[in-house]
Every structure is written in C-alpha cells, then in structure tokens.
file my_file_26.cif (mmCIF, C-alpha atoms and all ligand atoms)
data_work
#
loop_
_atom_site.label_atom_id
_atom_site.label_comp_id
_atom_site.auth_asym_id
_atom_site.auth_seq_id
_atom_site.Cartn_x
_atom_site.Cartn_y
_atom_site.Cartn_z
CA MET K 1 -1.05 29.46 51.78
CA ALA K 2 -0.03 31.49 48.78
CA GLU K 3 -2.45 31.46 45.89
CA LYS K 4 -1.26 29.36 42.95
CA ARG K 5 0.31 31.52 40.26
CA ALA K 6 -1.55 31.76 36.97
CA GLN K 7 -0.08 29.79 34.08
CA PHE K 8 -0.59 29.52 30.36
CA GLY K 9 -2.50 26.33 29.65
CA THR K 10 -0.81 24.96 26.53
CA ARG K 11 2.44 25.24 24.61
CA LEU K 12 0.52 26.67 21.67
CA GLY K 13 -1.04 29.22 23.99
CA VAL K 14 2.44 30.31 25.10
CA ILE K 15 3.45 30.91 21.50
CA ALA K 16 0.17 32.62 20.57
CA ALA K 17 0.31 34.98 23.55
CA THR K 18 3.99 35.82 23.25
CA VAL K 19 3.94 36.24 19.47
CA GLY K 20 0.75 38.22 20.03
CA SER K 21 2.73 40.57 22.25
CA ALA K 22 5.56 40.90 19.75
CA VAL K 23 3.44 41.32 16.63
CA GLY K 24 1.71 44.68 16.68
CA LEU K 25 1.85 48.21 15.40
CA GLY K 26 5.62 47.73 15.51
CA ASN K 27 5.50 45.23 12.67
CA ILE K 28 2.74 46.53 10.47
CA TRP K 29 2.90 50.30 10.98
CA ARG K 30 6.39 51.11 12.26
CA PHE K 31 8.52 48.54 10.41
CA PRO K 32 7.35 49.47 6.89
CA TYR K 33 7.97 53.19 7.38
CA GLU K 34 11.31 52.68 9.12
CA CYS K 35 12.33 50.28 6.35
CA GLY K 36 11.00 52.66 3.71
CA THR K 37 12.97 55.63 5.00
CA GLY K 38 15.99 53.43 5.82
CA GLY K 39 16.56 52.36 2.22
CA GLY K 40 14.65 49.06 2.05
CA GLY K 41 16.85 45.97 1.77
CA ALA K 42 19.79 47.46 3.64
CA PHE K 43 17.58 48.21 6.64
CA LEU K 44 16.02 44.74 6.49
CA ALA K 45 19.42 43.02 6.44
CA VAL K 46 20.70 44.92 9.48
CA TYR K 47 17.38 44.45 11.23
CA ILE K 48 17.45 40.66 10.83
CA LEU K 49 21.05 40.56 12.02
CA PHE K 50 20.12 42.48 15.19
CA VAL K 51 17.06 40.33 15.88
CA PHE K 52 19.13 37.16 16.00
CA LEU K 53 22.41 38.51 17.34
CA ILE K 54 20.97 40.71 20.08
CA GLY K 55 17.21 40.15 20.24
CA VAL K 56 17.22 36.39 20.85
CA PRO K 57 19.75 36.56 23.74
CA CYS K 58 17.75 39.41 25.30
CA ILE K 59 14.54 37.39 25.05
CA CYS K 60 16.32 34.49 26.79
CA ALA K 61 17.57 36.81 29.52
CA GLU K 62 14.04 38.06 30.22
CA PHE K 63 12.67 34.51 30.10
CA SER K 64 15.20 33.12 32.56
CA LEU K 65 14.58 35.97 34.99
CA GLY K 66 10.82 35.59 34.77
CA ARG K 67 10.49 31.85 34.97
CA SER K 68 13.05 31.31 37.70
CA SER K 69 11.51 33.95 39.97
CA ARG K 70 7.91 33.48 38.91
CA ARG K 71 7.44 37.23 39.34
CA GLY K 72 6.95 40.21 37.09
CA MET K 73 8.74 43.53 37.57
CA PRO K 74 10.28 44.52 39.94
CA GLY K 75 9.83 41.43 42.13
CA ALA K 76 11.77 39.24 39.68
CA PHE K 77 15.00 41.04 40.60
CA ARG K 78 14.39 40.72 44.32
CA ILE K 79 13.50 37.02 44.24
CA SER K 80 16.53 36.30 42.07
CA GLY K 81 18.79 37.67 44.78
CA ALA K 82 19.35 41.18 43.44
CA ARG K 83 20.45 43.85 45.84
CA LYS K 84 18.14 46.81 46.38
CA GLN K 85 19.89 48.95 43.75
CA TRP K 86 18.48 46.79 40.96
CA GLY K 87 14.92 47.42 42.04
CA PHE K 88 14.75 50.82 40.36
CA LEU K 89 15.00 49.08 36.98
CA GLY K 90 11.81 47.26 37.77
CA TYR K 91 10.05 50.50 38.64
CA ALA K 92 11.38 52.10 35.45
CA ALA K 93 9.74 49.23 33.56
CA ILE K 94 6.39 49.92 35.22
CA LEU K 95 6.66 53.59 34.33
CA ALA K 96 7.57 52.75 30.74
CA ALA K 97 4.59 50.40 30.54
CA PHE K 98 2.22 53.22 31.56
CA MET K 99 3.71 55.47 28.88
CA ILE K 100 3.54 52.88 26.09
CA LEU K 101 0.00 52.00 27.10
CA ALA K 102 -1.07 55.61 26.61
CA PHE K 103 0.41 56.33 23.20
CA TYR K 104 -0.12 52.84 21.82
CA ALA K 105 -3.83 53.11 22.61
CA VAL K 106 -4.00 56.34 20.60
CA VAL K 107 -2.60 54.83 17.39
CA ALA K 108 -4.58 51.62 17.95
CA GLY K 109 -7.68 53.80 18.31
CA TRP K 110 -7.01 55.35 14.90
CA THR K 111 -7.19 51.89 13.33
CA LEU K 112 -10.74 51.49 14.70
CA GLU K 113 -11.85 54.70 12.99
CA TYR K 114 -10.23 53.48 9.78
CA ILE K 115 -12.08 50.16 9.99
CA ILE K 116 -15.39 52.03 10.22
CA ASP K 117 -14.45 54.51 7.49
CA SER K 118 -13.58 51.65 5.16
CA ALA K 119 -16.82 49.84 5.88
CA THR K 120 -19.01 52.91 5.42
CA GLY K 121 -17.29 53.95 2.19
CA LEU K 122 -15.99 57.25 3.56
CA PHE K 123 -12.52 56.45 2.18
CA ARG K 124 -13.89 55.64 -1.21
CA ASP K 125 -15.78 58.91 -1.33
CA THR K 126 -12.82 61.04 -0.26
CA PRO K 127 -10.59 62.19 -3.13
CA ASN K 128 -6.89 61.46 -2.61
CA SER K 129 -6.10 65.16 -2.57
CA ASP K 130 -8.07 65.47 0.68
CA ARG K 131 -6.47 62.48 2.40
CA HIS K 132 -3.88 64.40 4.37
CA ALA K 133 -6.42 66.93 5.60
CA GLN K 134 -8.79 64.10 6.51
CA PHE K 135 -6.14 62.31 8.57
CA THR K 136 -4.81 65.36 10.38
CA GLY K 137 -8.35 66.60 10.96
CA PHE K 138 -9.34 63.28 12.48
CA ILE K 139 -6.37 62.78 14.80
CA SER K 140 -6.61 66.28 16.20
CA GLY K 141 -10.26 65.96 17.20
CA TRP K 142 -12.39 64.40 19.93
CA LYS K 143 -13.36 61.44 17.80
CA ALA K 144 -9.80 60.15 18.09
CA VAL K 145 -10.07 60.46 21.88
CA LEU K 146 -13.27 58.44 21.79
CA TRP K 147 -11.56 55.60 19.88
CA THR K 148 -8.63 55.63 22.30
CA ILE K 149 -11.12 55.16 25.13
CA VAL K 150 -12.91 52.36 23.28
CA PHE K 151 -9.63 50.55 22.74
CA LEU K 152 -8.60 50.86 26.39
CA VAL K 153 -11.97 49.55 27.54
CA ILE K 154 -11.71 46.51 25.24
CA ASN K 155 -8.21 45.96 26.63
CA GLY K 156 -9.58 46.13 30.18
CA LEU K 157 -12.27 43.56 29.41
CA VAL K 158 -9.69 41.07 28.12
CA MET K 159 -7.43 41.70 31.12
CA ILE K 160 -10.19 40.98 33.63
CA GLY K 161 -10.44 37.48 32.14
CA GLY K 162 -6.98 36.63 33.45
CA VAL K 163 -3.91 34.95 32.00
CA GLU K 164 -5.46 31.75 30.72
CA LYS K 165 -9.09 32.72 30.15
CA GLY K 166 -8.37 36.25 28.93
CA ILE K 167 -4.94 36.70 27.36
CA GLU K 168 -4.33 33.15 26.19
CA ARG K 169 -7.83 32.60 24.87
CA VAL K 170 -7.96 35.87 22.95
CA SER K 171 -4.48 35.25 21.50
CA ASN K 172 -5.42 31.72 20.43
CA ILE K 173 -8.35 33.13 18.49
CA LEU K 174 -6.80 36.29 17.06
CA MET K 175 -3.35 35.07 15.99
CA PRO K 176 -4.59 32.49 13.44
CA ILE K 177 -6.99 35.10 12.01
CA LEU K 178 -4.11 37.54 11.76
CA PHE K 179 -1.91 35.11 9.84
CA LEU K 180 -4.78 34.23 7.54
CA ILE K 181 -5.40 37.89 6.69
CA LEU K 182 -1.67 38.39 6.10
CA ILE K 183 -1.54 35.54 3.61
CA VAL K 184 -4.60 36.73 1.70
CA PHE K 185 -2.99 40.15 1.46
CA CYS K 186 0.34 38.83 0.26
CA ILE K 187 -1.29 36.93 -2.56
CA ASN K 188 -3.18 40.03 -3.61
CA SER K 189 -0.09 42.18 -3.41
CA LEU K 190 2.17 39.79 -5.31
CA THR K 191 -0.24 39.66 -8.22
CA MET K 192 -0.14 43.44 -8.68
CA GLU K 193 1.42 44.85 -11.76
CA GLY K 194 4.86 46.15 -10.87
CA ALA K 195 5.10 44.06 -7.69
CA SER K 196 8.67 43.12 -8.53
CA GLU K 197 9.87 46.68 -8.08
CA GLY K 198 8.55 46.71 -4.53
CA LEU K 199 10.10 43.34 -3.78
CA TYR K 200 13.42 44.50 -5.19
CA PHE K 201 13.32 47.51 -2.88
CA LEU K 202 12.59 45.33 0.16
CA PHE K 203 15.01 42.48 -0.52
CA HIS K 204 17.92 44.04 -2.36
CA PRO K 205 20.41 45.40 0.19
CA ASP K 206 21.99 48.56 -1.13
CA ILE K 207 24.97 48.98 1.20
CA SER K 208 25.39 52.64 0.33
CA LYS K 209 22.11 53.34 2.18
CA LEU K 210 23.58 52.26 5.51
CA THR K 211 24.11 55.36 7.61
CA PRO K 212 24.60 55.33 11.41
CA ASP K 213 21.01 56.55 11.73
CA VAL K 214 19.69 53.59 9.78
CA VAL K 215 21.67 51.16 11.91
CA LEU K 216 20.43 52.71 15.15
CA GLY K 217 16.90 52.79 13.80
CA ALA K 218 17.12 49.06 13.10
CA LEU K 219 18.29 48.28 16.62
CA GLY K 220 15.54 50.38 18.22
CA GLN K 221 13.00 48.75 15.94
CA ALA K 222 14.20 45.27 16.93
CA PHE K 223 13.74 46.11 20.61
CA PHE K 224 10.31 47.59 20.16
CA SER K 225 9.09 44.85 17.89
CA LEU K 226 10.26 42.01 20.14
CA SER K 227 8.63 43.68 23.19
CA LEU K 228 12.02 43.88 24.91
CA GLY K 229 13.40 46.04 27.65
CA MET K 230 10.32 46.61 29.77
CA GLY K 231 9.95 43.32 31.54
CA CYS K 232 7.07 42.31 29.29
CA LEU K 233 8.68 38.96 28.56
CA VAL K 234 9.79 38.61 32.18
CA THR K 235 6.13 38.88 33.14
CA TYR K 236 4.85 36.50 30.45
CA SER K 237 7.52 33.89 31.16
CA SER K 238 6.58 33.93 34.84
CA TYR K 239 3.42 32.19 33.60
CA PHE K 240 5.27 29.57 31.49
CA ALA K 241 5.12 25.93 32.55
CA ASP K 242 8.42 24.28 33.54
CA ASP K 243 8.45 22.21 30.39
CA THR K 244 8.43 25.22 28.04
CA PRO K 245 11.84 25.14 26.31
CA LEU K 246 13.08 28.72 26.60
CA ILE K 247 15.73 28.93 23.89
CA LYS K 248 13.57 27.22 21.30
CA THR K 249 10.62 29.44 22.19
CA SER K 250 12.73 32.59 21.94
CA MET K 251 13.81 31.64 18.44
CA GLN K 252 10.30 30.79 17.35
CA ILE K 253 9.08 34.15 18.56
CA ALA K 254 11.90 36.03 16.88
CA ALA K 255 11.32 34.15 13.63
CA LEU K 256 7.54 34.64 13.59
CA ASP K 257 7.80 38.31 14.55
CA THR K 258 10.33 38.93 11.77
CA LEU K 259 8.19 36.97 9.33
CA VAL K 260 5.24 39.26 10.03
CA ALA K 261 7.37 42.37 9.55
CA VAL K 262 8.68 41.02 6.23
CA LEU K 263 5.16 40.08 5.14
CA ALA K 264 3.96 43.59 6.01
CA GLY K 265 6.73 44.84 3.71
CA VAL K 266 5.68 42.38 1.01
CA ILE K 267 2.14 43.71 1.29
CA ILE K 268 2.96 47.40 1.34
CA PHE K 269 5.94 48.00 -0.95
CA PRO K 270 4.64 46.35 -4.15
CA ALA K 271 1.44 48.38 -3.73
CA VAL K 272 3.40 51.59 -3.13
CA PHE K 273 5.50 51.10 -6.25
CA SER K 274 2.77 49.84 -8.49
CA PHE K 275 0.75 52.98 -7.70
CA GLY K 276 3.70 55.21 -8.46
CA MET K 277 4.34 56.42 -4.91
CA THR K 278 7.51 56.54 -2.87
CA PRO K 279 8.17 54.36 0.19
CA ASP K 280 9.94 57.01 2.26
CA GLN K 281 6.93 58.88 3.62
CA GLY K 282 7.55 58.18 7.30
CA PRO K 283 4.87 57.55 9.95
CA THR K 284 1.98 58.49 7.68
CA LEU K 285 2.81 55.65 5.26
CA VAL K 286 0.07 53.39 6.58
CA PHE K 287 -2.50 56.08 7.38
CA GLU K 288 -2.25 58.29 4.30
CA VAL K 289 -0.35 56.54 1.52
CA LEU K 290 -2.07 53.19 1.91
CA PRO K 291 -5.64 54.61 1.87
CA ASN K 292 -4.69 56.44 -1.33
CA ILE K 293 -3.66 53.14 -2.84
CA PHE K 294 -6.78 51.34 -1.64
CA HIS K 295 -8.78 54.17 -3.17
CA SER K 296 -7.48 53.34 -6.64
CA MET K 297 -7.69 49.58 -6.22
CA PRO K 298 -10.56 47.39 -7.37
CA GLY K 299 -12.42 46.33 -4.22
CA GLY K 300 -10.48 48.95 -2.29
CA SER K 301 -12.99 49.38 0.52
CA PHE K 302 -12.84 45.68 1.27
CA TRP K 303 -9.05 45.60 1.30
CA SER K 304 -8.75 48.64 3.47
CA PHE K 305 -11.33 47.22 5.90
CA LEU K 306 -9.31 44.01 6.10
CA PHE K 307 -5.99 45.81 6.50
CA PHE K 308 -7.07 48.02 9.38
CA LEU K 309 -8.81 45.08 11.02
CA LEU K 310 -5.45 43.29 10.86
CA LEU K 311 -3.76 46.25 12.46
CA ALA K 312 -6.38 46.52 15.22
CA LEU K 313 -6.21 42.82 16.11
CA ALA K 314 -2.42 42.89 16.21
CA SER K 315 -2.53 45.98 18.42
CA LEU K 316 -4.92 44.38 20.88
CA THR K 317 -2.73 41.36 21.62
CA SER K 318 0.23 43.71 22.08
CA ILE K 319 -1.45 46.23 24.33
CA ILE K 320 -2.71 43.49 26.65
CA SER K 321 0.90 42.41 27.14
CA VAL K 322 1.89 45.94 28.09
CA SER K 323 -0.98 46.11 30.60
CA GLU K 324 -0.04 42.72 32.03
CA ILE K 325 3.30 44.16 33.17
CA ILE K 326 1.40 46.53 35.45
CA VAL K 327 -1.33 44.08 36.47
CA ALA K 328 1.33 41.56 37.55
CA PHE K 329 3.08 44.32 39.50
CA LEU K 330 -0.06 45.28 41.43
CA VAL K 331 -1.07 41.67 42.02
CA ASP K 332 2.41 40.48 43.12
CA GLU K 333 3.52 43.44 45.18
CA PHE K 334 0.25 44.62 46.71
CA ARG K 335 -1.70 41.33 46.72
CA MET K 336 -4.43 43.14 44.85
CA GLY K 337 -7.17 41.27 43.02
CA ARG K 338 -6.95 41.18 39.25
CA LEU K 339 -10.23 43.01 38.77
CA LYS K 340 -9.19 45.91 40.98
CA ALA K 341 -5.75 46.08 39.36
CA THR K 342 -7.31 46.20 35.89
CA MET K 343 -9.74 48.92 36.95
CA ILE K 344 -6.97 51.09 38.35
CA ILE K 345 -4.81 50.71 35.25
CA THR K 346 -7.73 51.37 32.92
CA CYS K 347 -8.71 54.53 34.81
CA ILE K 348 -5.19 55.92 34.78
CA SER K 349 -4.65 55.11 31.13
CA LEU K 350 -7.98 56.66 30.15
CA VAL K 351 -6.59 59.95 31.44
CA THR K 352 -3.07 59.60 30.01
CA GLY K 353 -4.39 58.18 26.73
CA THR K 354 -6.77 61.14 26.35
CA LEU K 355 -3.93 63.58 26.98
CA CYS K 356 -1.78 61.78 24.39
CA SER K 357 -4.57 61.85 21.82
CA LEU K 358 -5.15 65.55 22.40
CA SER K 359 -1.44 66.08 21.70
CA PHE K 360 -2.38 66.23 18.04
CA GLY K 361 -4.96 68.93 18.70
CA PRO K 362 -5.63 71.26 21.64
CA LEU K 363 -2.62 70.06 23.67
CA LYS K 364 -0.08 70.41 20.89
CA SER K 365 2.17 72.58 23.00
CA LEU K 366 2.50 69.92 25.71
CA ASN K 367 2.76 67.02 23.24
CA LEU K 368 2.64 64.24 25.77
CA PHE K 369 2.48 61.72 22.92
CA ASN K 370 6.01 62.54 21.80
CA ILE K 371 7.32 62.86 25.34
CA PHE K 372 6.00 59.39 26.26
CA ASP K 373 7.19 57.87 23.00
CA PHE K 374 10.65 59.36 23.33
CA THR K 375 11.11 58.66 27.05
CA SER K 376 9.97 55.06 26.83
CA SER K 377 11.56 54.04 23.52
CA ASN K 378 14.80 55.98 23.74
CA ILE K 379 15.50 56.03 27.46
CA LEU K 380 13.56 53.54 29.58
CA MET K 381 13.51 50.62 27.15
CA PRO K 382 17.25 50.55 26.43
CA LEU K 383 17.95 51.07 30.12
CA GLY K 384 15.67 48.18 31.04
CA GLY K 385 17.17 45.90 28.39
CA LEU K 386 20.67 46.74 29.53
CA GLY K 387 19.71 46.18 33.15
CA VAL K 388 18.17 42.77 32.53
CA CYS K 389 21.16 41.60 30.46
CA ALA K 390 23.64 42.92 33.00
CA PHE K 391 21.78 41.29 35.85
CA VAL K 392 21.21 37.92 34.20
CA GLY K 393 24.68 37.86 32.65
CA TRP K 394 26.74 39.01 35.61
CA GLN K 395 24.75 38.82 38.83
CA MET K 396 22.22 36.03 38.71
CA ARG K 397 23.44 32.66 39.96
CA ARG K 398 25.00 30.93 36.98
CA SER K 399 23.44 27.60 37.90
CA ASP K 400 19.96 29.16 37.93
CA PHE K 401 20.48 30.61 34.49
CA THR K 402 21.87 27.38 33.04
CA ALA K 403 19.07 25.36 34.61
CA GLN K 404 16.44 27.63 33.02
CA MET K 405 18.04 27.49 29.60
CA LYS K 406 18.47 23.74 29.60
CA MET K 407 15.33 22.70 31.43
CA ASN K 408 13.50 20.04 29.46
CA SER K 409 15.40 20.62 26.26
CA LYS K 410 18.62 19.51 24.66
CA VAL K 411 20.67 22.57 23.85
CA PRO K 412 23.81 22.16 21.70
CA ALA K 413 26.84 23.77 23.35
CA PHE K 414 27.36 26.35 20.60
CA ILE K 415 23.76 27.58 20.91
CA PHE K 416 24.16 27.93 24.66
CA ASP K 417 27.40 29.88 24.14
CA TYR K 418 25.81 32.16 21.56
CA ILE K 419 23.02 32.98 24.02
CA SER K 420 25.24 33.54 27.03
CA ILE K 421 27.90 35.56 25.21
CA GLY K 422 25.06 37.58 23.70
CA ILE K 423 23.64 38.34 27.14
CA LYS K 424 26.98 39.12 28.76
CA TYR K 425 28.74 41.14 26.08
CA VAL K 426 27.09 41.67 22.70
CA ALA K 427 23.68 42.92 23.79
CA PRO K 428 24.87 45.27 26.56
CA ALA K 429 27.44 46.85 24.26
CA ALA K 430 24.93 47.32 21.46
CA ILE K 431 22.29 48.72 23.80
CA LEU K 432 24.72 51.21 25.29
CA ILE K 433 25.35 52.48 21.79
CA ILE K 434 21.64 52.99 21.01
CA PHE K 435 21.09 54.54 24.36
CA ILE K 436 23.80 57.13 23.99
CA ALA K 437 22.96 57.84 20.36
CA GLY K 438 19.24 57.96 21.17
CA LEU K 439 19.83 60.72 23.68
CA PHE K 440 21.54 62.97 21.20
N1 LIG M 501 6.05 44.58 20.28
C1 LIG M 501 4.84 45.33 20.12
C2 LIG M 501 4.76 45.82 18.68
O1 LIG M 501 5.55 45.47 17.87
C3 LIG M 501 4.75 46.46 21.09
C4 LIG M 501 4.94 46.03 22.50
C5 LIG M 501 4.14 45.20 23.20
C6 LIG M 501 6.02 46.35 23.34
N2 LIG M 501 4.67 45.00 24.43
C7 LIG M 501 5.81 45.69 24.54
C8 LIG M 501 7.14 47.14 23.14
C9 LIG M 501 6.74 45.79 25.57
C10 LIG M 501 8.06 47.24 24.16
C11 LIG M 501 7.88 46.58 25.35
O2 LIG M 501 3.89 46.57 18.35
#

call {"tool": "encode", "arguments": {"input": "my_file_26.cif", "output": "structure tokens"}}
result
Amino acid sequence: MAEKRAQFGTRLGVIAATVGSAVGLGNIWRFPYECGTGGGGAFLAVYILFVFLIGVPCICAEFSLGRSSRRGMPGAFRISGARKQWGFLGYAAILAAFMILAFYAVVAGWTLEYIIDSATGLFRDTPNSDRHAQFTGFISGWKAVLWTIVFLVINGLVMIGGVEKGIERVSNILMPILFLILIVFCINSLTMEGASEGLYFLFHPDISKLTPDVVLGALGQAFFSLSLGMGCLVTYSSYFADDTPLIKTSMQIAALDTLVAVLAGVIIFPAVFSFGMTPDQGPTLVFEVLPNIFHSMPGGSFWSFLFFLLLALASLTSIISVSEIIVAFLVDEFRMGRLKATMIITCISLVTGTLCSLSFGPLKSLNLFNIFDFTSSNILMPLGGLGVCAFVGWQMRRSDFTAQMKMNSKVPAFIFDYISIGIKYVAPAAILIIFIAGLF
C-alpha cells in the first residue's frame, strides 16, 4: 500500500507556510531596491497591478496542478495526463530550485553576520565612510562562506522534520514574530522626522518614471516574490487538504505578500529620506545604506539587530520552500526517505552555495552567483510559469480544473472567469514578454 501523503495540519498552517514561502528576501531586500531604482510609486502601482492580474491566476494554476495530482514536480504533469514532452518543464523546475537554493543561501547567510555585528556593536563602531569597504570585504571572504553553510544546515534541520512537524511548525512560529517585528518597525519609521517625504516617494505614482525596464522589473519581481514559476506552489498545494479553498487562499497570499513588501517600503524609505540619502542605490540598499542610517539613529544597534533578524527569519521560511521542491521530487520519484533526500540536497547545496559565495571573492571570474541568479530568474522561472499556465489552461481536463477551483467554496462567476482568462491568455502573454525581454 502506498504511504499516506503528508499534509498540512490546519488552515492557518497552510497560510503560514505558503506566506512564509512568498515573504522573503524578495520582499524586504529586493523589493525596496527595485522600487527605489524604479521611481517609487510608479513601480509600486505597476507591481500591484501585476500581482493581481497575473500573479493570482498563476498561483491558482500551480495550486490546481498540485492538489489534483498530489505530486510535486515533475510528477504533477504526468499524473494530470500530460504527454512526455511536458516533463522537461518539471526537470527545469528542479534545476532552478537547486540554483535558487545556492544563491539565496548566500544572501541569507549575510543577514546572520549582520545580526551578530549589530549585537556585538561592530556596526556602531564602524564609521559610515568605511561601510562599503566593510561590506565588500566581508562578502568576498571565507566568513561569508561559513554563514552560507550555517544557513543551509539550519534549513536541513527544519526539512528533516517533515511537512507538518518541520515546515508547518516553524512557519507557525516565525510568521507571527515576523509580522510583529514589521509593525514595531513601521511605528518607529513613521515617527521619524521627514517620514512624509519617504511616504510620498513610495505612494505617489509619477507616470513619467515608467520605462519598459521598470515595467519588466515589476513583473519579474512579482514572480519572484510570489514564489512562482518553479513548482514551489505546486509542491506545497500537493499537501493541502481538500477543504482548502484555492482561490481564496491565492488571494490571501498575494495580499499578505504585497502588504509585507509595502511595509518594507514604509520602513525603509522614510528612514532613507530623513537621513538625507537617496533611494536608488540598488542591491546594496539594505546592506550598506540601512546600516549607515542605523548608525546615526538613537538605539541603532537594537534596530539593526531587529531588522536583520527579520530578514533572516523571512529567508528561512522561503528557503525551506525551495528545498521542498527537490525533497518532494526525490521522495515521489525515487521513493527515497525524507532524511536521505534532505541529506543529499544539503550536501549538494553546501558545494554550490560555497561556490556562489566565493563568486564575490576568489571565484570572481566564474561568478556562479550571477549565472545562477540570471538563469533561474530570467530563463527557468518564466519558462516554468508559462509552462504551468499553458498546461493548466489548455491541456488539463477542464472538469479537473473547475473542480479544484470550486471545491468547498462558493466562487462568483466573474472571479472564476478572471482566474481562467488570466491563466489562458493574460499570464502567458505577459510572461512571454518578460522572457524575451529578459534574454536581451
Ligand atoms: N518568494 C521568495 C522571496 O520573496 C523566494 C522564493 C521562495 C522563491 N520560493 C521560491 C522564488 C520559488 C521563486 C520560486 O524571497
């Protein structure tokens, strides 16, 4: 007899785990710098539009594929009646998961160093003029490799616990803490002198800032932030109970994920403006600009400790969802035990993660970090998203799809139409555009 498939225990656990996957470095590190370089409010407006127009239908597509087949990638395609040709999309997802795991662990590792540096007062004792040298010195050395390893080992320990006792339990604990920290930060940020300038930047859409690059950036950001295009949500939804309402859940996840990104903006931009800095610094915004601000703030060490703790916790619940794609693959396709699967993944990612970390130092010429980031975000993720939408929209049995969407929930006809038109036409067209533009 086949072993019973793991399942999330409670409805709240489903939300905590799935929002935990969505909320991560993408919201707190990537969104603020993308928004900052993309002109603030204009970027935010387009981003929100994409999340609901394209993101929500894509989430529903992944959910219906996962829950109807009760498999991760690539088995979900096979069980749902896909011909062999579709299988390669599933393998592309596994490959992408390995790549994201490696470079995500590197940046997540940096947050651990920053937590320690805040606690020990190293940040406070470093003058702002040395900040850049401190950051680049740190990421190019072996200490960064060590933190990458630590993060991957913590990830492995959670994964061994399993779906309900590992992923769900950790998410149930960490997500409330994360929201609490966010709220404390927002209050602090809103009471800063000059906060209004930052809020104006974030919420006032200046249409003249909308270039094709900004629009494409917003679409890519929506995909990354919602954990789309790699079968992550296919895998998670294969553990959903039958009474989990899929459309409602997809909207809750999209709303909460967007809320966290907006709150990260509300935390960062007022601080940036009130300390006379500019928001368009790019990827170093959180690792260089923010420490400079904390440095000049009363109680700065405490705030920076809390901020990087927030970032680390958010990263952990995301990276476990990336690893689960591969664990589910090994367990489903090779009938491997969870412990063995986790060990294999951890060993491989210790090697690839180390190589990615060294991309900022001795292995600069290879720069695996950028290769993995580019290949997964600009090629494999859009391809995967397109594949899932095309399959669910055009190939999967219509009755299976409808049954999944409507199971145990009343769905108004216009909502159902918005989701299915999104899956069939809007999302594939939009993804094709990012894909082609991303390549050039
Ligand atoms: N969404 C996460 C973030 O915002 C990253 C992430 C987790 C992800 N799982 C994923 C991205 C699967 C793409 C695919 O940080």

call {"tool": "closest_residue", "arguments": {"input": "my_file_26.cif", "among": "K:Gly300, K:Gly337, K:Pro279, K:Gly231", "to": "Ala119 (chain K)", "atoms": "only C-alpha atoms"}}
result
K:Gly300

call {"tool": "closest_residue", "arguments": {"input": "my_file_26.cif", "among": "K:Pro428, K:Gly162, K:Pro32, K:Gly20", "to": "Gly387 (chain K)", "atoms": "only C-alpha atoms"}}
result
K:Pro428

call {"tool": "axis_aligned_box", "arguments": {"input": "my_file_26.cif", "around": "ligand LIG 501 (chain M)", "padding_each_side": "4 Å", "output": "JSON"}}
result
{"center_x": 6.0, "center_y": 45.9, "center_z": 21.7, "size_x": 12.2, "size_y": 10.7, "size_z": 15.7}

call {"tool": "residues_around", "arguments": {"input": "my_file_26.cif", "residues": "Ser189 (chain K)", "least_positions_apart": "2", "cutoff": "10 Å", "atoms": "all atoms listed in the file", "output": "NGL selection string"}}
result
:K and (183-187 or 191-195 or 198 or 266-271 or 274)

call {"tool": "residues_near_ligand", "arguments": {"input": "my_file_26.cif", "ligand": "ligand LIG 501 (chain M)", "cutoff": "9 Å", "atoms": "all atoms listed in the file", "output": "PyMOL selection string"}}
result
chain K and resi 19-31+93+96-97+100-101+104+221-233+257+314-315+317-323+325+376-377+381

call {"tool": "residues_around", "arguments": {"input": "my_file_26.cif", "residues": "Tyr114 (chain K)", "least_positions_apart": "3", "cutoff": "12 Å", "atoms": "all atoms listed in the file", "output": "PyMOL selection string"}}
result
chain K and resi 107-111+117-124+134-135+138-139+143-144+147+286-288+290-291+301-312

call {"tool": "closest_residue", "arguments": {"input": "my_file_26.cif", "among": "K:Ile15, K:Ile116, K:Gly385, K:Gly40", "to": "Ala92 (chain K)", "atoms": "only C-alpha atoms"}}
result
K:Gly385

call {"tool": "closest_atom_pairs", "arguments": {"input": "my_file_26.cif", "of": "region 223-269 of chain K", "to": "region 388-406 of chain K", "cutoff": "8 Å", "atoms": "only C-alpha atoms", "output": "Markdown table"}}
result
| residue | atom | partner | partner_atom | distance |
| --- | --- | --- | --- | --- |
| K:Gly229 | CA | K:Val388 | CA | 7.6 |
| K:Pro245 | CA | K:Met405 | CA | 7.4 |
| K:Leu246 | CA | K:Met405 | CA | 5.9 |
| K:Ile247 | CA | K:Met405 | CA | 6.3 |

call {"tool": "closest_residue", "arguments": {"input": "my_file_26.cif", "among": "K:Ala102, K:Thr244, K:Phe151, K:Asp280", "to": "Val14 (chain K)", "atoms": "all atoms listed in the file"}}
result
K:Thr244

call {"tool": "residues_around", "arguments": {"input": "my_file_26.cif", "residues": "region 79-91 of chain K", "least_positions_apart": "4", "cutoff": "6 Å", "atoms": "only C-alpha atoms", "output": "PyMOL selection string"}}
result
chain K and resi 69+73-74

call {"tool": "closest_residue", "arguments": {"input": "my_file_26.cif", "among": "K:Thr148, K:Asn128, K:Thr249, K:Ser237", "to": "Gly353 (chain K)", "atoms": "all atoms listed in the file"}}
result
K:Thr148

call {"tool": "atom_distance", "arguments": {"input": "my_file_26.cif", "atom1": "CA of Gly220 (chain K)", "atom2": "CA of Val158 (chain K)"}}
result
28.7 Å

call {"tool": "residues_around", "arguments": {"input": "my_file_26.cif", "residues": "Leu368 (chain K)", "least_positions_apart": "3", "cutoff": "9 Å", "atoms": "only C-alpha atoms", "output": "list in words"}}
result
Phe103, Thr352, Leu355, Cys356, Ser357, Leu358, Ser359, Leu363, Lys364, Ser365, Ile371, Phe372 and Asp373 of chain K

call {"tool": "closest_residue", "arguments": {"input": "my_file_26.cif", "among": "K:Ile326, K:Leu210, K:Ala427, K:Leu65", "to": "Ser349 (chain K)", "atoms": "all atoms listed in the file"}}
result
K:Ile326

call {"tool": "atom_distance", "arguments": {"input": "my_file_26.cif", "atom1": "CA of Glu197 (chain K)", "atom2": "CA of Gly276 (chain K)"}}
result
10.5 Å

call {"tool": "residues_around", "arguments": {"input": "my_file_26.cif", "residues": "Gly66 (chain K)", "least_positions_apart": "4", "cutoff": "7 Å", "atoms": "only C-alpha atoms", "output": "list in words"}}
result
Glu62, Arg70, Arg71, Gly72, Ala76, Val234, Thr235, Ser237 and Ser238 of chain K

call {"tool": "atom_distance", "arguments": {"input": "my_file_26.cif", "atom1": "CA of Val145 (chain K)", "atom2": "CA of Thr37 (chain K)"}}
result
29.0 Å
